[in-house]
file structure_16.pdb (PDB, C-alpha atoms)
ATOM      1  CA  MET F 219     -25.846 -17.887 -36.140
ATOM      2  CA  ARG F 220     -29.030 -15.886 -35.463
ATOM      3  CA  ILE F 221     -31.410 -17.961 -33.345
ATOM      4  CA  LEU F 222     -34.979 -17.155 -32.354
ATOM      5  CA  ILE F 223     -36.287 -19.263 -29.461
ATOM      6  CA  TYR F 224     -40.033 -19.569 -28.997
ATOM      7  CA  SER F 225     -40.959 -20.638 -25.470
ATOM      8  CA  PRO F 226     -44.541 -19.798 -24.424
ATOM      9  CA  GLN F 227     -43.505 -19.815 -20.748
ATOM     10  CA  PHE F 228     -40.306 -18.191 -19.565
ATOM     11  CA  SER F 229     -38.697 -16.632 -16.503
ATOM     12  CA  PRO F 230     -39.782 -15.466 -13.952
ATOM     13  CA  GLN F 231     -42.126 -18.455 -14.139
ATOM     14  CA  LEU F 232     -40.434 -21.480 -12.581
ATOM     15  CA  GLY F 233     -40.246 -24.818 -14.373
ATOM     16  CA  GLY F 234     -37.815 -27.160 -16.050
ATOM     17  CA  VAL F 235     -38.484 -25.912 -19.587
ATOM     18  CA  GLU F 236     -38.163 -22.286 -18.524
ATOM     19  CA  VAL F 237     -34.887 -22.932 -16.718
ATOM     20  CA  VAL F 238     -33.311 -24.894 -19.574
ATOM     21  CA  THR F 239     -34.420 -22.360 -22.188
ATOM     22  CA  GLU F 240     -32.811 -19.515 -20.279
ATOM     23  CA  GLN F 241     -29.629 -21.503 -19.652
ATOM     24  CA  LEU F 242     -29.262 -22.346 -23.347
ATOM     25  CA  ALA F 243     -30.003 -18.796 -24.477
ATOM     26  CA  ARG F 244     -27.344 -17.408 -22.154
ATOM     27  CA  ALA F 245     -24.782 -19.996 -23.226
ATOM     28  CA  TRP F 246     -25.435 -19.515 -26.953
ATOM     29  CA  VAL F 247     -24.804 -15.781 -26.548
ATOM     30  CA  THR F 248     -21.551 -16.535 -24.734
ATOM     31  CA  LEU F 249     -20.551 -18.798 -27.628
ATOM     32  CA  GLY F 250     -21.162 -16.044 -30.186
ATOM     33  CA  ALA F 251     -24.754 -16.558 -31.370
ATOM     34  CA  ALA F 252     -27.288 -13.756 -31.641
ATOM     35  CA  VAL F 253     -30.374 -14.814 -29.670
ATOM     36  CA  VAL F 254     -33.953 -13.536 -29.470
ATOM     37  CA  VAL F 255     -36.484 -15.153 -27.124
ATOM     38  CA  VAL F 256     -40.223 -14.789 -27.722
ATOM     39  CA  CYS F 257     -42.577 -15.743 -24.871
ATOM     40  CA  HIS F 258     -45.970 -14.929 -23.365
ATOM     41  CA  THR F 259     -44.916 -14.683 -19.701
ATOM     42  CA  PRO F 260     -45.147 -11.197 -18.174
ATOM     43  CA  ASP F 261     -42.418  -9.845 -15.915
ATOM     44  CA  PRO F 262     -43.444  -6.905 -13.720
ATOM     45  CA  GLN F 263     -39.858  -6.543 -12.509
ATOM     46  CA  GLY F 264     -38.420  -6.071 -15.991
ATOM     47  CA  GLN F 265     -35.371  -8.287 -15.465
ATOM     48  CA  GLN F 266     -32.559  -7.768 -17.966
ATOM     49  CA  TYR F 267     -30.889 -10.538 -19.991
ATOM     50  CA  PRO F 268     -27.851 -10.751 -22.302
ATOM     51  CA  PHE F 269     -30.193 -11.509 -25.220
ATOM     52  CA  LYS F 270     -33.278  -9.848 -26.695
ATOM     53  CA  LEU F 271     -36.471 -10.921 -24.976
ATOM     54  CA  TRP F 272     -39.887 -10.033 -26.342
ATOM     55  CA  ARG F 273     -42.881 -10.758 -24.158
ATOM     56  CA  ASN F 274     -46.212 -10.937 -26.021
ATOM     57  CA  PRO F 275     -44.855  -9.077 -29.060
ATOM     58  CA  HIS F 276     -47.117  -7.596 -31.702
ATOM     59  CA  PRO F 277     -47.579 -10.185 -34.504
ATOM     60  CA  TRP F 278     -45.827  -7.913 -37.006
ATOM     61  CA  ARG F 279     -42.784  -7.577 -34.746
ATOM     62  CA  TRP F 280     -42.769 -11.307 -34.144
ATOM     63  CA  LEU F 281     -42.896 -11.953 -37.877
ATOM     64  CA  ARG F 282     -40.032  -9.529 -38.548
ATOM     65  CA  ALA F 283     -37.953 -11.258 -35.880
ATOM     66  CA  VAL F 284     -38.511 -14.638 -37.537
ATOM     67  CA  GLN F 285     -37.585 -13.179 -40.912
ATOM     68  CA  GLY F 286     -34.331 -11.879 -39.467
ATOM     69  CA  CYS F 287     -33.130 -15.141 -37.932
ATOM     70  CA  ASP F 288     -31.352 -18.155 -39.394
ATOM     71  CA  LEU F 289     -33.198 -20.722 -37.317
ATOM     72  CA  VAL F 290     -36.343 -20.852 -35.170
ATOM     73  CA  VAL F 291     -36.055 -23.132 -32.139
ATOM     74  CA  TYR F 292     -39.168 -24.297 -30.303
ATOM     75  CA  SER F 293     -38.863 -25.293 -26.642
ATOM     76  CA  CYS F 294     -41.547 -27.947 -27.049
ATOM     77  CA  ILE F 295     -43.971 -27.554 -29.939
ATOM     78  CA  SER F 296     -46.724 -25.009 -29.306
ATOM     79  CA  LEU F 297     -49.384 -24.815 -31.996
ATOM     80  CA  LYS F 298     -50.026 -21.103 -31.454
ATOM     81  CA  GLY F 299     -46.378 -20.342 -32.193
ATOM     82  CA  LEU F 300     -46.156 -22.035 -35.594
ATOM     83  CA  TRP F 301     -47.891 -19.432 -37.756
ATOM     84  CA  PRO F 302     -44.742 -17.378 -38.589
ATOM     85  CA  LEU F 303     -43.230 -20.485 -40.225
ATOM     86  CA  VAL F 304     -46.144 -20.724 -42.617
ATOM     87  CA  LEU F 305     -45.512 -17.162 -43.811
ATOM     88  CA  THR F 306     -41.710 -17.236 -43.895
ATOM     89  CA  GLY F 307     -40.681 -20.829 -44.577
ATOM     90  CA  LYS F 308     -37.806 -20.447 -42.123
ATOM     91  CA  PRO F 309     -35.972 -23.617 -41.059
ATOM     92  CA  TRP F 310     -36.866 -24.728 -37.574
ATOM     93  CA  ALA F 311     -35.866 -27.169 -34.871
ATOM     94  CA  ALA F 312     -37.773 -28.486 -31.878
ATOM     95  CA  ILE F 313     -36.502 -29.383 -28.423
ATOM     96  CA  HIS F 314     -38.798 -31.975 -26.863
ATOM     97  CA  HIS F 315     -38.741 -31.606 -23.087
ATOM     98  CA  THR F 316     -41.717 -33.769 -22.195
ATOM     99  CA  TRP F 317     -44.342 -36.236 -23.357
ATOM    100  CA  TYR F 318     -46.961 -35.250 -25.919
ATOM    101  CA  ARG F 319     -49.885 -36.787 -24.081
ATOM    102  CA  ARG F 320     -52.419 -35.841 -21.449
ATOM    103  CA  PRO F 321     -51.871 -36.477 -17.726
ATOM    104  CA  ASP F 322     -54.028 -39.607 -17.939
ATOM    105  CA  GLY F 323     -51.856 -40.970 -20.756
ATOM    106  CA  SER F 324     -54.360 -40.385 -23.554
ATOM    107  CA  VAL F 325     -53.550 -38.497 -26.756
ATOM    108  CA  GLY F 326     -56.018 -35.836 -27.897
ATOM    109  CA  TRP F 327     -56.305 -33.950 -31.163
ATOM    110  CA  ALA F 328     -53.843 -31.236 -30.058
ATOM    111  CA  GLU F 329     -51.204 -33.824 -29.115
ATOM    112  CA  ARG F 330     -51.752 -35.705 -32.375
ATOM    113  CA  LEU F 331     -51.313 -32.501 -34.356
ATOM    114  CA  LYS F 332     -48.066 -31.699 -32.536
ATOM    115  CA  LEU F 333     -46.746 -35.199 -33.219
ATOM    116  CA  TRP F 334     -47.604 -34.758 -36.900
ATOM    117  CA  VAL F 335     -46.153 -31.237 -37.193
ATOM    118  CA  MET F 336     -42.736 -32.233 -35.849
ATOM    119  CA  GLY F 337     -42.130 -34.138 -39.068
ATOM    120  CA  GLY F 338     -41.525 -30.780 -40.758
ATOM    121  CA  ALA F 339     -38.654 -29.773 -38.482
ATOM    122  CA  ARG F 340     -35.117 -29.771 -39.803
ATOM    123  CA  LEU F 341     -34.025 -31.239 -36.485
ATOM    124  CA  ASN F 342     -35.812 -32.828 -33.539
ATOM    125  CA  ILE F 343     -33.927 -32.972 -30.253
ATOM    126  CA  ALA F 344     -35.052 -34.983 -27.218
ATOM    127  CA  VAL F 345     -33.763 -34.320 -23.699
ATOM    128  CA  SER F 346     -33.554 -38.044 -22.908
ATOM    129  CA  GLY F 347     -33.587 -41.403 -24.613
ATOM    130  CA  ALA F 348     -37.026 -42.039 -23.110
ATOM    131  CA  ILE F 349     -38.466 -38.928 -24.769
ATOM    132  CA  ALA F 350     -36.797 -39.830 -28.077
ATOM    133  CA  ALA F 351     -38.414 -43.272 -27.986
ATOM    134  CA  HIS F 352     -41.812 -41.612 -27.454
ATOM    135  CA  LEU F 353     -41.577 -39.503 -30.641
ATOM    136  CA  PRO F 354     -42.813 -40.645 -34.068
ATOM    137  CA  VAL F 355     -39.765 -39.120 -35.800
ATOM    138  CA  PRO F 356     -36.011 -39.655 -35.393
ATOM    139  CA  ALA F 357     -34.591 -37.401 -32.689
ATOM    140  CA  LEU F 358     -31.104 -36.517 -31.570
ATOM    141  CA  VAL F 359     -30.686 -36.936 -27.806
ATOM    142  CA  ILE F 360     -29.033 -34.000 -26.039
ATOM    143  CA  GLU F 361     -29.579 -34.173 -22.304
ATOM    144  CA  ASN F 362     -30.287 -31.084 -20.232
ATOM    145  CA  PRO F 363     -27.662 -28.827 -18.677
ATOM    146  CA  TYR F 364     -27.563 -27.511 -15.142
ATOM    147  CA  ALA F 365     -26.402 -24.123 -13.850
ATOM    148  CA  ASP F 366     -22.840 -25.089 -12.968
ATOM    149  CA  ASP F 367     -22.055 -21.504 -11.953
ATOM    150  CA  LEU F 368     -24.587 -21.782  -9.128
ATOM    151  CA  PHE F 369     -24.838 -25.449  -8.150
ATOM    152  CA  ASN F 370     -21.474 -26.655  -6.899
ATOM    153  CA  GLU F 371     -20.004 -28.182  -3.771
ATOM    154  CA  TYR F 372     -18.431 -25.874  -1.215
ATOM    155  CA  SER F 373     -19.397 -27.350   2.172
ATOM    156  CA  THR F 374     -17.087 -29.269   4.489
ATOM    157  CA  PRO F 375     -18.067 -32.757   5.715
ATOM    158  CA  GLU F 376     -18.876 -31.218   9.108
ATOM    159  CA  GLU F 377     -21.314 -28.739   7.527
ATOM    160  CA  ARG F 378     -23.179 -31.552   5.737
ATOM    161  CA  SER F 379     -25.072 -32.329   8.922
ATOM    162  CA  HIS F 380     -28.508 -33.266   7.513
ATOM    163  CA  ARG F 381     -29.509 -36.549   5.897
ATOM    164  CA  LEU F 382     -32.348 -36.400   3.348
ATOM    165  CA  ILE F 383     -33.667 -33.571   1.163
ATOM    166  CA  PHE F 384     -36.410 -33.245  -1.464
ATOM    167  CA  VAL F 385     -36.662 -30.296  -3.889
ATOM    168  CA  GLY F 386     -39.684 -29.844  -6.142
ATOM    169  CA  ARG F 387     -43.370 -29.112  -6.523
ATOM    170  CA  LEU F 388     -45.641 -30.603  -3.879
ATOM    171  CA  VAL F 389     -47.975 -32.421  -6.248
ATOM    172  CA  SER F 390     -48.981 -36.082  -6.241
ATOM    173  CA  ASP F 391     -46.838 -36.909  -9.293
ATOM    174  CA  LYS F 392     -43.673 -36.030  -7.361
ATOM    175  CA  GLY F 393     -44.312 -38.759  -4.774
ATOM    176  CA  VAL F 394     -43.423 -36.904  -1.564
ATOM    177  CA  ASP F 395     -46.115 -38.905   0.232
ATOM    178  CA  LEU F 396     -44.241 -42.060  -0.754
ATOM    179  CA  LEU F 397     -41.086 -40.628   0.816
ATOM    180  CA  ILE F 398     -42.919 -39.849   4.055
ATOM    181  CA  THR F 399     -44.352 -43.381   4.098
ATOM    182  CA  ALA F 400     -40.827 -44.726   3.585
ATOM    183  CA  LEU F 401     -39.657 -42.693   6.600
ATOM    184  CA  ALA F 402     -42.402 -44.304   8.701
ATOM    185  CA  HIS F 403     -41.234 -47.761   7.596
ATOM    186  CA  LEU F 404     -37.619 -46.896   8.401
ATOM    187  CA  LYS F 405     -38.605 -45.631  11.840
ATOM    188  CA  GLN F 406     -39.994 -49.068  12.646
ATOM    189  CA  ARG F 407     -36.526 -50.443  11.821
ATOM    190  CA  GLY F 408     -34.783 -47.967  14.115
ATOM    191  CA  LEU F 409     -33.615 -45.629  11.341
ATOM    192  CA  GLN F 410     -34.744 -42.023  11.846
ATOM    193  CA  PRO F 411     -33.082 -39.742   9.270
ATOM    194  CA  ASP F 412     -34.172 -36.118   9.125
ATOM    195  CA  LEU F 413     -35.861 -34.869   5.935
ATOM    196  CA  THR F 414     -35.991 -31.334   4.531
ATOM    197  CA  ILE F 415     -38.759 -30.657   1.992
ATOM    198  CA  ILE F 416     -38.243 -27.610  -0.243
ATOM    199  CA  GLY F 417     -41.125 -26.534  -2.459
ATOM    200  CA  THR F 418     -44.775 -25.572  -2.457
ATOM    201  CA  GLY F 419     -47.904 -26.956  -4.048
ATOM    202  CA  PRO F 420     -51.471 -28.145  -3.502
ATOM    203  CA  GLU F 421     -50.407 -31.296  -1.641
ATOM    204  CA  LEU F 422     -48.797 -29.394   1.249
ATOM    205  CA  PRO F 423     -51.730 -29.709   3.736
ATOM    206  CA  GLN F 424     -52.053 -33.455   3.090
ATOM    207  CA  LEU F 425     -48.311 -33.984   3.472
ATOM    208  CA  GLU F 426     -48.202 -32.044   6.740
ATOM    209  CA  ALA F 427     -51.123 -34.133   8.024
ATOM    210  CA  GLN F 428     -49.350 -37.326   6.946
ATOM    211  CA  VAL F 429     -46.249 -36.306   8.912
ATOM    212  CA  VAL F 430     -48.361 -35.752  12.037
ATOM    213  CA  ALA F 431     -50.295 -39.014  11.569
ATOM    214  CA  ASN F 432     -47.016 -40.951  11.405
ATOM    215  CA  GLU F 433     -45.484 -39.000  14.333
ATOM    216  CA  LEU F 434     -42.580 -37.782  12.201
ATOM    217  CA  GLN F 435     -42.672 -34.115  13.270
ATOM    218  CA  SER F 436     -39.216 -34.342  14.832
ATOM    219  CA  GLN F 437     -37.754 -35.629  11.564
ATOM    220  CA  VAL F 438     -39.502 -33.644   8.812
ATOM    221  CA  ARG F 439     -39.369 -29.913   8.158
ATOM    222  CA  PHE F 440     -41.088 -27.983   5.365
ATOM    223  CA  TRP F 441     -39.140 -24.974   4.108
ATOM    224  CA  GLY F 442     -41.429 -23.760   1.354
ATOM    225  CA  GLU F 443     -40.139 -22.365  -1.923
ATOM    226  CA  LEU F 444     -36.576 -21.044  -1.925
ATOM    227  CA  PRO F 445     -34.581 -19.123  -4.569
ATOM    228  CA  PRO F 446     -31.963 -21.155  -6.483
ATOM    229  CA  MET F 447     -29.025 -19.859  -4.434
ATOM    230  CA  ALA F 448     -30.713 -20.894  -1.186
ATOM    231  CA  VAL F 449     -31.546 -24.313  -2.688
ATOM    232  CA  ALA F 450     -27.859 -24.794  -3.542
ATOM    233  CA  GLU F 451     -26.930 -23.876   0.019
ATOM    234  CA  GLN F 452     -29.381 -26.388   1.460
ATOM    235  CA  LEU F 453     -28.151 -29.132  -0.876
ATOM    236  CA  ASN F 454     -24.652 -28.460   0.441
ATOM    237  CA  HIS F 455     -25.893 -29.136   3.972
ATOM    238  CA  HIS F 456     -27.476 -32.498   3.117
ATOM    239  CA  GLN F 457     -26.116 -35.934   2.254
ATOM    240  CA  ILE F 458     -28.853 -37.618   0.177
ATOM    241  CA  LEU F 459     -31.233 -36.073  -2.366
ATOM    242  CA  VAL F 460     -34.408 -38.132  -2.880
ATOM    243  CA  ILE F 461     -36.506 -37.808  -6.070
ATOM    244  CA  PRO F 462     -39.426 -40.228  -5.524
ATOM    245  CA  SER F 463     -41.510 -39.320  -8.583
ATOM    246  CA  ARG F 464     -44.543 -41.435  -9.405
ATOM    247  CA  TRP F 465     -44.677 -40.280 -12.994
ATOM    248  CA  GLN F 466     -42.120 -40.907 -15.689
ATOM    249  CA  GLU F 467     -39.857 -37.860 -15.422
ATOM    250  CA  PRO F 468     -38.725 -36.685 -18.886
ATOM    251  CA  PHE F 469     -35.254 -35.990 -17.441
ATOM    252  CA  GLY F 470     -34.604 -34.463 -13.998
ATOM    253  CA  ILE F 471     -32.269 -31.465 -13.721
ATOM    254  CA  VAL F 472     -32.601 -31.491  -9.931
ATOM    255  CA  ALA F 473     -30.580 -34.721  -9.885
ATOM    256  CA  LEU F 474     -27.670 -32.932 -11.562
ATOM    257  CA  GLU F 475     -28.013 -29.979  -9.192
ATOM    258  CA  GLY F 476     -27.945 -32.279  -6.176
ATOM    259  CA  MET F 477     -24.910 -34.221  -7.361
ATOM    260  CA  ALA F 478     -23.097 -30.989  -8.203
ATOM    261  CA  CYS F 479     -23.644 -29.893  -4.597
ATOM    262  CA  GLY F 480     -22.211 -33.162  -3.288
ATOM    263  CA  CYS F 481     -25.365 -35.178  -2.600
ATOM    264  CA  VAL F 482     -25.823 -38.845  -3.427
ATOM    265  CA  VAL F 483     -29.111 -39.253  -5.293
ATOM    266  CA  ILE F 484     -31.941 -41.765  -4.916
ATOM    267  CA  GLY F 485     -34.558 -41.492  -7.668
ATOM    268  CA  SER F 486     -37.279 -43.417  -9.464
ATOM    269  CA  GLU F 487     -36.042 -45.232 -12.536
ATOM    270  CA  GLY F 488     -38.853 -44.623 -15.050
ATOM    271  CA  GLY F 489     -38.549 -42.191 -17.936
ATOM    272  CA  GLY F 490     -35.376 -40.129 -18.219
ATOM    273  CA  LEU F 491     -34.586 -39.645 -14.528
ATOM    274  CA  LYS F 492     -32.243 -42.621 -14.488
ATOM    275  CA  ASP F 493     -30.236 -40.915 -17.267
ATOM    276  CA  ALA F 494     -29.976 -37.743 -15.222
ATOM    277  CA  ILE F 495     -28.779 -39.664 -12.158
ATOM    278  CA  GLY F 496     -26.325 -41.778 -14.130
ATOM    279  CA  PRO F 497     -23.600 -43.197 -11.861
ATOM    280  CA  GLY F 498     -24.274 -40.632  -9.141
ATOM    281  CA  GLY F 499     -26.809 -42.615  -7.153
ATOM    282  CA  MET F 500     -29.402 -45.353  -6.861
ATOM    283  CA  THR F 501     -32.779 -45.921  -8.549
ATOM    284  CA  PHE F 502     -35.944 -47.812  -7.623
ATOM    285  CA  PRO F 503     -39.172 -48.708  -9.499
ATOM    286  CA  ASN F 504     -41.654 -45.832  -9.647
ATOM    287  CA  GLY F 505     -44.192 -45.969  -6.835
ATOM    288  CA  ASP F 506     -42.496 -48.831  -4.978
ATOM    289  CA  VAL F 507     -42.347 -47.656  -1.345
ATOM    290  CA  LYS F 508     -40.612 -50.816  -0.155
ATOM    291  CA  ALA F 509     -37.818 -50.422  -2.725
ATOM    292  CA  LEU F 510     -37.482 -46.740  -1.846
ATOM    293  CA  SER F 511     -37.193 -47.620   1.848
ATOM    294  CA  GLU F 512     -34.514 -50.219   1.081
ATOM    295  CA  ALA F 513     -32.505 -47.770  -1.026
ATOM    296  CA  ILE F 514     -32.537 -45.164   1.748
ATOM    297  CA  ALA F 515     -31.641 -47.790   4.348
ATOM    298  CA  THR F 516     -28.750 -49.022   2.200
ATOM    299  CA  LEU F 517     -27.202 -45.572   1.940
ATOM    300  CA  LEU F 518     -27.790 -44.765   5.605
ATOM    301  CA  THR F 519     -26.125 -47.976   6.773
ATOM    302  CA  GLU F 520     -23.308 -47.962   4.198
ATOM    303  CA  PRO F 521     -21.898 -44.411   4.302
ATOM    304  CA  GLN F 522     -18.582 -45.738   3.002
ATOM    305  CA  THR F 523     -20.215 -45.943  -0.454
ATOM    306  CA  TRP F 524     -21.104 -42.234  -0.625
ATOM    307  CA  GLU F 525     -17.701 -41.107  -1.853
ATOM    308  CA  GLN F 526     -17.765 -43.739  -4.610
ATOM    309  CA  TYR F 527     -21.016 -42.285  -5.946
ATOM    310  CA  ARG F 528     -19.682 -38.743  -5.690
ATOM    311  CA  GLN F 529     -16.499 -39.573  -7.547
ATOM    312  CA  ALA F 530     -18.413 -41.443 -10.249
ATOM    313  CA  ALA F 531     -20.681 -38.414 -10.747
ATOM    314  CA  GLN F 532     -17.874 -36.014 -11.672
ATOM    315  CA  ALA F 533     -17.435 -36.967 -15.338
ATOM    316  CA  HIS F 534     -21.223 -37.209 -15.684
ATOM    317  CA  LEU F 535     -21.576 -33.643 -14.382
ATOM    318  CA  GLU F 536     -18.872 -32.305 -16.699
ATOM    319  CA  ARG F 537     -20.838 -33.567 -19.705
ATOM    320  CA  HIS F 538     -23.912 -31.678 -18.457
ATOM    321  CA  GLN F 539     -22.323 -28.310 -17.780
ATOM    322  CA  ARG F 540     -24.126 -25.462 -19.489
ATOM    323  CA  GLU F 541     -21.489 -24.593 -22.077
ATOM    324  CA  ALA F 542     -20.805 -28.233 -22.980
ATOM    325  CA  ILE F 543     -24.500 -28.862 -23.714
ATOM    326  CA  ALA F 544     -24.847 -25.528 -25.553
ATOM    327  CA  ARG F 545     -21.964 -26.493 -27.861
ATOM    328  CA  GLN F 546     -23.689 -29.779 -28.686
ATOM    329  CA  TYR F 547     -26.768 -27.846 -29.753
ATOM    330  CA  LEU F 548     -24.860 -25.385 -31.920
ATOM    331  CA  GLN F 549     -22.955 -28.212 -33.613
ATOM    332  CA  ALA F 550     -26.252 -30.001 -34.316
ATOM    333  CA  PHE F 551     -27.822 -26.817 -35.702
ATOM    334  CA  GLN F 552     -24.890 -26.236 -38.030
ATOM    335  CA  ALA F 553     -24.916 -29.853 -39.226
ATOM    336  CA  HIS F 554     -28.664 -30.189 -39.837
ATOM    337  CA  CYS F 555     -30.059 -26.709 -40.329
TER
END
call {"tool": "encode", "arguments": {"input": "structure_16.pdb", "output": "structure tokens"}}
result
Amino acid sequence: MRILIYSPQFSPQLGGVEVVTEQLARAWVTLGAAVVVVCHTPDPQGQQYPFKLWRNPHPWRWLRAVQGCDLVVYSCISLKGLWPLVLTGKPWAAIHHTWYRRPDGSVGWAERLKLWVMGGARLNIAVSGAIAAHLPVPALVIENPYADDLFNEYSTPEERSHRLIFVGRLVSDKGVDLLITALAHLKQRGLQPDLTIIGTGPELPQLEAQVVANELQSQVRFWGELPPMAVAEQLNHHQILVIPSRWQEPFGIVALEGMACGCVVIGSEGGGLKDAIGPGGMTFPNGDVKALSEAIATLLTEPQTWEQYRQAAQAHLERHQREAIARQYLQAFQAHC
């Protein structure tokens, strides 16, 4: 099968859609498909990939690429990328990674147009049941993969010497301030777990000030942004990954990455994050600091349960390995397109 993937953003830009698109493209090539990726993200370093990658191609070249493929796959619908379909009539599929609505929950004309356009796809795929329920058309649910060649457990129990870790953007939606507040509550109860925060973002100064205001400097350390290999290493040195998102996460690949590295996961239950966590951890209502504090306290005081979560996560992780998810996609493409 000859597949053209249109993803406006792509590596080296970091983000869930970019990561999943690259993972799928690599896996489809391994499974015998011919893949071309079209994006608008520049790459000064000129990184090489096992598939063709065209960054900001000339419209004529883009059109020729669409003409030469069997299927066009959109990583989320982008209106500026639909014009080649009008001229070629090629069959297309859409992978829906997130909600088609504005940050405040409203739906503007662009979102309405995207929701209407998806009715013309041969196949709509949602990365979680929550995203599928949000769409106005039937959608097949295929959950996201994780990089199982990179995120895996290799530490000994003695090397897993740190308690809590957060990995993600430091923005209000991710709820790191809620996690710091939970640490302050736990300190009042005599529980003082250490916390490593990996990531950067506009909320960093406020979070650092919050740590100082709550006298948590001895417990919390900010490590900034780390490359994936270093993130995997840090996950292997920690026991509990916390994902305290305020917003409804569409899925949550970081939960899979944490479990694959041997962490037990605590995450908010809204959206698709609970599907990503599966049996590998605990959930709490979004934004509920008290429930988050209780979940952390439960795991800290009942370490005998950690191995149960880790064992339960193994089959869940196998279903989300890159090649397993890529095969599901190819089977769906062959059946519907």
call {"tool": "atom_distance", "arguments": {"input": "structure_16.pdb", "atom1": "atom CA of Asn274 of chain F", "atom2": "atom CA of Gly233 of chain F"}}
result
19.1 Å
call {"tool": "resolve_selection", "arguments": {"input": "structure_16.pdb", "expression": "the PyMOL selection byres ((chain F and resi 518) around 10)", "output": "ChimeraX atom specification"}}
result
/F:381-382,409-411,457-458,512-517,519-524
call {"tool": "resolve_selection", "arguments": {"input": "structure_16.pdb", "expression": "the PyMOL selection byres ((chain F and resi 491) around 6)", "output": "JSON, numbers by chain"}}
result
{"F": [467, 469, 470, 489, 490, 492, 493, 494]}
call {"tool": "closest_residue", "arguments": {"input": "structure_16.pdb", "among": "F:Arg545, F:Arg279, F:Arg244, F:His352", "to": "Gln266 of chain F", "atoms": "all atoms listed in the file"}}
result
F:Arg244
call {"tool": "closest_residue", "arguments": {"input": "structure_16.pdb", "among": "F:Glu525, F:Val483, F:Arg220, F:Trp310", "to": "Leu249 of chain F", "atoms": "only C-alpha atoms"}}
result
F:Arg220
call {"tool": "closest_residue", "arguments": {"input": "structure_16.pdb", "among": "F:Trp441, F:Phe551, F:Tyr527, F:Phe384", "to": "Val460 of chain F", "atoms": "all atoms listed in the file"}}
result
F:Phe384
call {"tool": "residues_around", "arguments": {"input": "structure_16.pdb", "residues": "Pro260 of chain F", "least_positions_apart": "4", "cutoff": "12 Å", "atoms": "all atoms listed in the file", "output": "ChimeraX atom specification"}}
result
/F:226-231,256,264-265,271-275
call {"tool": "closest_residue", "arguments": {"input": "structure_16.pdb", "among": "F:Ala344, F:Ile398, F:Ile221, F:Ala448", "to": "Ala427 of chain F", "atoms": "all atoms listed in the file"}}
result
F:Ile398
call {"tool": "atom_distance", "arguments": {"input": "structure_16.pdb", "atom1": "atom CA of Gly323 of chain F", "atom2": "atom CA of Gly393 of chain F"}}
result
17.8 Å
